[in-house]
Amino acid sequence: MKFTLQHKDPLSKARAAEIVTDHGVIHTPIFMPVGTAAAMKGIFHRDVKEEAKAQIILANTYHLYLRPGMDILEKAGGVHRFSTWEGPMLTDSGGFQVFSLADCRKLTEEGCHFRSHIDGSKHLFTPESVIDTERTIGADIMMAFDECPPGDAPRDYATKSLQLTERWLDRCFNRYHQTEPKYGHYQALFPIVQGCTYPDLRAHAAENVLQYKADGHAIGGLAVGEPTEVMYEMIEVVNAILPEDKPRYLMGVGTPSNILEGIERGVDMFDCVMPTRNGRNGQLFTWEGTINIRNKKWEDDFSPIDPSGTAFVDTLYSKAYLHHLVTCQEMLAAQIASLHNIAFYLRLVTAARQHIIAGDFKAWKDVAVTKLAKRL
RNA sequence: GUGGAUGUAGCUCAGUUGGUUAGAGUGACGGAUUGUGGUUCCGAAGGUCGUGGGUUCGAGACCCAUCUUCCACC
């Protein structure tokens, strides 16, 4: 995997770069749509690629491990061949899922015991087993197995959690170096910087991660309940330490404004369920602000969903029709809204990249953020 | 025609021996959702208790009449 820095914004930490993987090139800053079970809910991969212009998508280790299971993925020849997505992919380690299902987990030094949310069966994830699983899935970028503590974690818990995450990280990299890719393409492993909302813990975590000379670094454990300003502060602390010549990935973030603020602070990669999950619930993102298409006010608005949109759904369908589909809970509503939203998120980061290259990112961002936060 | 049931929020229904401001689910309305269980949560709105009399300090509840819908029997 090769990371090439192309442009740096003179007035901020924003940068434009290129990541080359064995499945293709990623231009950063980039947003990565989340396809948990190796599928973008309701959207054909063809449209994810051709209409939304996604360059890399996520899948989830926890979910693929439970269904269809690793025997099937191995027989399928990995997640790319199985799902027919031929572009770059990234797998989350399942750390977040294990911890977001807190009522059915038990944490030990060895790893995490948990019960399947599907059938209640018992399982154990360890740093080693997760790396093995991610090798079998075969994504271009694998994530380390970590603990993701809540946003309001007290300091003593945050400290212990970080120490465990760091011991697990060491075991992840040991296993990573002991194993080989199964399908003939390179797989990177990104460590995840934790530390909750404590600047010194974050700084320590960022320093600790450097020893692995990884292909890229992730910032995790943010947007989990802490104030937005605190999240930005943590990004600044961490990015001051993470190397400039490697991609930085802010996990699970966020709103369009969050993403632009992250880019300004030197983040290159983002993922979030917001465009797809909120789309299924009728929230549309636009340059002018967000639209709740369920609202009665749209029932007789026959203007296009997004006149400036580039996905075919944006100008083909009216707001009134989408309002009707959402009201009727038609599957098509979720499909249209999801495709619109991920297309918008990709246009958002593409615009950011163009403005970084043009040299006017900061001024553009300040104007864009105020509009994006509006509700229409 | 006779007998029996029924009527409470848009819809489906609770509502104790008569006792504070008549509740729930669902829908409709609005908000939330940040490394996805096609999810979940929150808020506010919504009532002439079929109608009219009566008994009572007090009636959604008891009595009378009447109307609605349903069932059974002639």
# chains A, B, ... in the order shown; residues from 1 in each chain; ligands from 1
>>> interface_residues(of="chain A", to="chain B", cutoff="10 Å", atoms="only C-alpha atoms (C1' of nucleotides)", output="PyMOL selection string")
chain A and resi 34-37+40-42+58+60+63+91-97+117-118+143+148+218-225+250-255+258+270-278+280-281+295-296+331+334
>>> residues_around(residues="Gln354 in chain A", least_positions_apart="4", cutoff="12 Å", atoms="only C-alpha atoms (C1' of nucleotides)", output="PyMOL selection string")
chain A and resi 6-9+14-17+27-30+347-350+358-362+364-365
>>> closest_residue(among="B:G25, B:U6, B:C41, B:G18", to="U55 in chain B", atoms="only C-alpha atoms (C1' of nucleotides)")
B:G18
>>> atom_distance(atom1="C1' of G27 in chain B", atom2="CA of Cys328 in chain A")
12.1 Å
>>> closest_residue(among="A:Val267, A:Ala352, A:Leu260, A:Val48", to="Thr370 in chain A", atoms="only C-alpha atoms")
A:Leu260
>>> closest_residue(among="A:Ala76, A:Cys112, A:Met89, A:Val130", to="Tyr62 in chain A", atoms="only C-alpha atoms")
A:Val130
>>> atom_distance(atom1="CA of Gly77 in chain A", atom2="CA of Met1 in chain A")
20.8 Å
>>> residues_around(residues="G15 in chain B", least_positions_apart="4", cutoff="12 Å", atoms="only C-alpha atoms (C1' of nucleotides)", output="tab-separated table (two decimals) with N, CA and C atoms (P, O5', C5', C4', C3', O3' and C1' of nucleotides), in the first residue's frame")
chain	number	residue	atom	x	y	z
B	8	U	P	-66.68	3.78	20.61
B	8	U	O5'	-66.37	4.40	22.03
B	8	U	C5'	-66.81	5.70	22.35
B	8	U	C4'	-65.87	6.34	23.35
B	8	U	C3'	-64.40	6.33	22.94
B	8	U	O3'	-64.08	7.35	22.02
B	8	U	C1'	-64.58	5.58	25.16
B	22	A	P	-59.63	13.96	32.89
B	22	A	O5'	-59.04	12.53	32.60
B	22	A	C5'	-58.88	11.56	33.64
B	22	A	C4'	-59.05	10.18	33.08
B	22	A	C3'	-58.17	9.88	31.85
B	22	A	O3'	-56.90	9.40	32.26
B	22	A	C1'	-60.41	9.22	31.45
B	23	G	P	-55.60	10.32	32.22
B	23	G	O5'	-54.42	9.32	31.91
B	23	G	C5'	-54.23	8.84	30.59
B	23	G	C4'	-54.10	7.35	30.63
B	23	G	C3'	-53.45	6.78	29.37
B	23	G	O3'	-52.03	6.83	29.46
B	23	G	C1'	-55.44	5.60	29.86
B	24	A	P	-51.20	6.96	28.11
B	24	A	O5'	-51.14	5.46	27.56
B	24	A	C5'	-50.59	4.43	28.37
B	24	A	C4'	-50.84	3.09	27.73
B	24	A	C3'	-50.37	2.97	26.29
B	24	A	O3'	-48.98	2.72	26.19
B	24	A	C1'	-52.55	2.06	26.50
B	49	C	P	-68.00	13.22	26.80
B	49	C	O5'	-67.71	12.00	25.83
B	49	C	C5'	-68.74	11.09	25.48
B	49	C	C4'	-68.19	9.69	25.37
B	49	C	C3'	-69.10	8.63	25.96
B	49	C	O3'	-69.04	7.47	25.15
B	49	C	C1'	-66.99	8.54	27.01
B	60	G	P	-68.75	10.92	33.77
B	60	G	O5'	-68.36	9.84	32.64
B	60	G	C5'	-69.17	9.66	31.50
B	60	G	C4'	-69.01	8.25	30.97
B	60	G	C3'	-69.65	7.18	31.85
B	60	G	O3'	-71.01	6.99	31.52
B	60	G	C1'	-67.42	6.57	31.30
B	61	A	P	-72.08	6.66	32.68
B	61	A	O5'	-71.64	5.23	33.24
B	61	A	C5'	-71.59	4.09	32.38
B	61	A	C4'	-71.03	2.92	33.15
B	61	A	C3'	-71.89	2.50	34.34
B	61	A	O3'	-71.84	1.09	34.50
B	61	A	C1'	-69.72	3.14	35.07
>>> atom_distance(atom1="CA of Asp152 in chain A", atom2="CA of Met231 in chain A")
12.2 Å
>>> residues_around(residues="range 9-12 of chain B", least_positions_apart="5", cutoff="8 Å", atoms="only C-alpha atoms (C1' of nucleotides)", output="compact mmCIF listing (two decimals) with N, CA and C atoms (P, O5', C5', C4', C3', O3' and C1' of nucleotides), in the first residue's frame")
# COMPACT_ATOMS: atom_id res chain seq x y z
P U B 26 -46.81 1.14 19.79
O5' U B 26 -47.79 1.32 18.56
C5' U B 26 -48.04 0.24 17.67
C4' U B 26 -49.18 0.57 16.74
C3' U B 26 -49.00 1.82 15.88
O3' U B 26 -48.21 1.58 14.71
C1' U B 26 -51.13 1.87 16.87
P G B 27 -47.30 2.71 14.12
O5' G B 27 -48.36 3.73 13.49
C5' G B 27 -49.03 3.41 12.28
C4' G B 27 -50.14 4.40 12.03
C3' G B 27 -49.68 5.82 11.76
O3' G B 27 -49.36 6.01 10.39
C1' G B 27 -51.42 5.85 13.36
P A B 28 -48.25 7.03 9.96
O5' A B 28 -48.94 8.43 10.29
C5' A B 28 -50.00 8.93 9.48
C4' A B 28 -50.51 10.23 10.06
C3' A B 28 -49.44 11.27 10.34
O3' A B 28 -49.14 12.05 9.21
C1' A B 28 -50.78 11.00 12.26
P G B 46 -54.73 18.88 22.02
O5' G B 46 -55.46 17.65 21.34
C5' G B 46 -55.98 17.76 20.01
C4' G B 46 -56.24 16.39 19.44
C3' G B 46 -57.27 15.56 20.20
O3' G B 46 -58.58 15.86 19.75
C1' G B 46 -55.35 14.25 19.77
P G B 47 -59.61 16.58 20.73
O5' G B 47 -60.79 15.51 20.78
C5' G B 47 -60.55 14.18 21.19
C4' G B 47 -61.79 13.62 21.82
C3' G B 47 -62.65 14.64 22.56
O3' G B 47 -64.02 14.31 22.43
C1' G B 47 -61.85 13.01 24.09
>>> residues_around(residues="C63 in chain B", least_positions_apart="4", cutoff="12 Å", atoms="only C-alpha atoms (C1' of nucleotides)", output="mmCIF file with N, CA and C atoms (P, O5', C5', C4', C3', O3' and C1' of nucleotides), in the first residue's frame")
data_model
loop_
_atom_site.group_PDB
_atom_site.id
_atom_site.type_symbol
_atom_site.label_atom_id
_atom_site.label_comp_id
_atom_site.auth_asym_id
_atom_site.auth_seq_id
_atom_site.Cartn_x
_atom_site.Cartn_y
_atom_site.Cartn_z
ATOM 1 P P G B 53 -80.437 16.978 28.000
ATOM 2 O "O5'" G B 53 -81.740 16.345 28.634
ATOM 3 C "C5'" G B 53 -81.782 16.075 29.999
ATOM 4 C "C4'" G B 53 -82.940 15.155 30.310
ATOM 5 C "C3'" G B 53 -82.950 14.645 31.741
ATOM 6 O "O3'" G B 53 -83.544 15.589 32.623
ATOM 7 C "C1'" G B 53 -83.127 12.825 30.294
ATOM 8 P P G B 54 -82.717 16.019 33.904
ATOM 9 O "O5'" G B 54 -82.861 14.729 34.818
ATOM 10 C "C5'" G B 54 -84.154 14.231 35.124
ATOM 11 C "C4'" G B 54 -84.083 12.833 35.678
ATOM 12 C "C3'" G B 54 -83.284 12.654 36.972
ATOM 13 O "O3'" G B 54 -84.002 13.071 38.106
ATOM 14 C "C1'" G B 54 -82.777 10.899 35.461
ATOM 15 P P U B 55 -83.216 13.642 39.371
ATOM 16 O "O5'" U B 55 -82.577 12.334 39.987
ATOM 17 C "C5'" U B 55 -83.408 11.310 40.514
ATOM 18 C "C4'" U B 55 -82.561 10.175 41.054
ATOM 19 C "C3'" U B 55 -81.449 10.601 42.009
ATOM 20 O "O3'" U B 55 -81.924 10.783 43.325
ATOM 21 C "C1'" U B 55 -80.605 9.074 40.420
ATOM 22 P P U B 56 -81.509 12.117 44.113
ATOM 23 O "O5'" U B 56 -79.955 11.898 44.359
ATOM 24 C "C5'" U B 56 -79.499 10.807 45.151
ATOM 25 C "C4'" U B 56 -78.000 10.698 45.055
ATOM 26 C "C3'" U B 56 -77.234 11.994 45.335
ATOM 27 O "O3'" U B 56 -77.090 12.237 46.719
ATOM 28 C "C1'" U B 56 -76.364 10.941 43.404
ATOM 29 P P A B 59 -72.035 13.465 38.284
ATOM 30 O "O5'" A B 59 -71.419 12.001 38.255
ATOM 31 C "C5'" A B 59 -70.061 11.761 37.899
ATOM 32 C "C4'" A B 59 -69.967 10.641 36.898
ATOM 33 C "C3'" A B 59 -70.640 10.928 35.559
ATOM 34 O "O3'" A B 59 -69.952 10.221 34.542
ATOM 35 C "C1'" A B 59 -71.702 9.100 36.574
#
>>> residues_around(residues="range 184-196 of chain A", least_positions_apart="3", cutoff="7 Å", atoms="only C-alpha atoms (C1' of nucleotides)", output="number ranges by chain")
A: 22, 139-144, 151, 158, 162, 169, 181, 201-202, 205-206, 209, 214-221
>>> write_last_selection(atoms="N, CA, C and O atoms", output="compact mmCIF listing (two decimals), in the first residue's frame")
# COMPACT_ATOMS: atom_id res chain seq x y z
N ASP A 22 -4.04 -2.72 -3.87
CA ASP A 22 -4.05 -3.71 -4.95
C ASP A 22 -5.39 -3.76 -5.67
O ASP A 22 -5.52 -4.36 -6.73
N ALA A 139 -10.02 -7.99 3.32
CA ALA A 139 -10.09 -6.57 2.96
C ALA A 139 -8.69 -5.99 2.77
O ALA A 139 -7.71 -6.52 3.30
N ASP A 140 -8.60 -4.91 2.02
CA ASP A 140 -7.31 -4.26 1.76
C ASP A 140 -6.76 -3.59 3.01
O ASP A 140 -5.55 -3.49 3.17
N ILE A 141 -7.67 -3.11 3.85
CA ILE A 141 -7.25 -2.50 5.11
C ILE A 141 -7.98 -3.22 6.25
O ILE A 141 -9.22 -3.33 6.23
N MET A 142 -7.21 -3.73 7.21
CA MET A 142 -7.78 -4.39 8.37
C MET A 142 -7.60 -3.45 9.57
O MET A 142 -6.62 -2.72 9.65
N MET A 143 -8.54 -3.51 10.49
CA MET A 143 -8.44 -2.69 11.69
C MET A 143 -8.08 -3.56 12.89
O MET A 143 -8.51 -4.70 13.00
N ALA A 144 -7.30 -2.99 13.79
CA ALA A 144 -6.90 -3.70 15.00
C ALA A 144 -8.10 -3.88 15.93
O ALA A 144 -9.07 -3.12 15.87
N GLY A 151 -18.14 7.64 25.80
CA GLY A 151 -17.61 9.00 25.76
C GLY A 151 -17.44 9.63 27.13
O GLY A 151 -16.62 10.52 27.31
N ALA A 158 -10.75 4.83 31.68
CA ALA A 158 -10.15 5.17 30.39
C ALA A 158 -8.69 4.72 30.34
O ALA A 158 -8.21 4.22 29.32
N LEU A 162 -7.30 1.84 27.88
CA LEU A 162 -6.26 2.14 26.90
C LEU A 162 -5.09 1.17 27.04
O LEU A 162 -4.53 0.70 26.04
N LEU A 169 -3.15 -4.44 20.90
CA LEU A 169 -2.56 -3.95 19.64
C LEU A 169 -1.25 -4.69 19.35
O LEU A 169 -0.99 -5.08 18.21
N PRO A 181 -1.42 -12.86 3.59
CA PRO A 181 -2.71 -12.71 2.91
C PRO A 181 -3.09 -14.03 2.22
O PRO A 181 -2.22 -14.77 1.77
N LEU A 201 -3.84 11.10 27.63
CA LEU A 201 -4.01 9.70 27.24
C LEU A 201 -4.00 9.56 25.72
O LEU A 201 -3.41 8.63 25.17
N ARG A 202 -4.66 10.49 25.06
CA ARG A 202 -4.68 10.48 23.59
C ARG A 202 -3.25 10.63 23.04
O ARG A 202 -2.85 9.93 22.11
N ALA A 205 -1.36 7.47 23.57
CA ALA A 205 -1.82 6.44 22.64
C ALA A 205 -1.25 6.68 21.25
O ALA A 205 -0.83 5.73 20.56
N ALA A 206 -1.22 7.93 20.82
CA ALA A 206 -0.70 8.26 19.49
C ALA A 206 0.79 7.94 19.41
O ALA A 206 1.27 7.38 18.42
N VAL A 209 1.52 4.13 19.18
CA VAL A 209 1.16 3.50 17.91
C VAL A 209 2.28 3.59 16.87
O VAL A 209 2.39 2.76 15.97
N ALA A 214 2.96 1.45 10.90
CA ALA A 214 1.82 0.95 10.14
C ALA A 214 1.60 1.75 8.86
O ALA A 214 2.15 2.85 8.71
N ASP A 215 0.81 1.19 7.96
CA ASP A 215 0.49 1.85 6.70
C ASP A 215 -0.45 3.03 6.87
O ASP A 215 -0.62 3.84 5.96
N GLY A 216 -1.11 3.06 8.03
CA GLY A 216 -2.05 4.15 8.31
C GLY A 216 -2.49 4.05 9.76
O GLY A 216 -2.23 3.04 10.42
N HIS A 217 -3.11 5.11 10.25
CA HIS A 217 -3.52 5.15 11.66
C HIS A 217 -4.95 5.62 11.80
O HIS A 217 -5.39 6.48 11.03
N ALA A 218 -5.63 5.06 12.78
CA ALA A 218 -7.02 5.42 13.00
C ALA A 218 -7.19 6.10 14.35
O ALA A 218 -6.45 5.83 15.29
N ILE A 219 -8.17 6.99 14.40
CA ILE A 219 -8.58 7.61 15.65
C ILE A 219 -9.95 7.06 15.98
O ILE A 219 -10.90 7.24 15.22
N GLY A 220 -10.03 6.34 17.08
CA GLY A 220 -11.29 5.72 17.46
C GLY A 220 -11.83 6.29 18.75
O GLY A 220 -11.20 7.13 19.38
N GLY A 221 -13.01 5.81 19.13
CA GLY A 221 -13.58 6.22 20.42
C GLY A 221 -14.04 7.65 20.47
O GLY A 221 -14.17 8.23 21.53
>>> closest_residue(among="A:Leu64, A:Ala38, A:Ala373, A:Val25", to="Ser257 in chain A", atoms="only C-alpha atoms")
A:Ala373
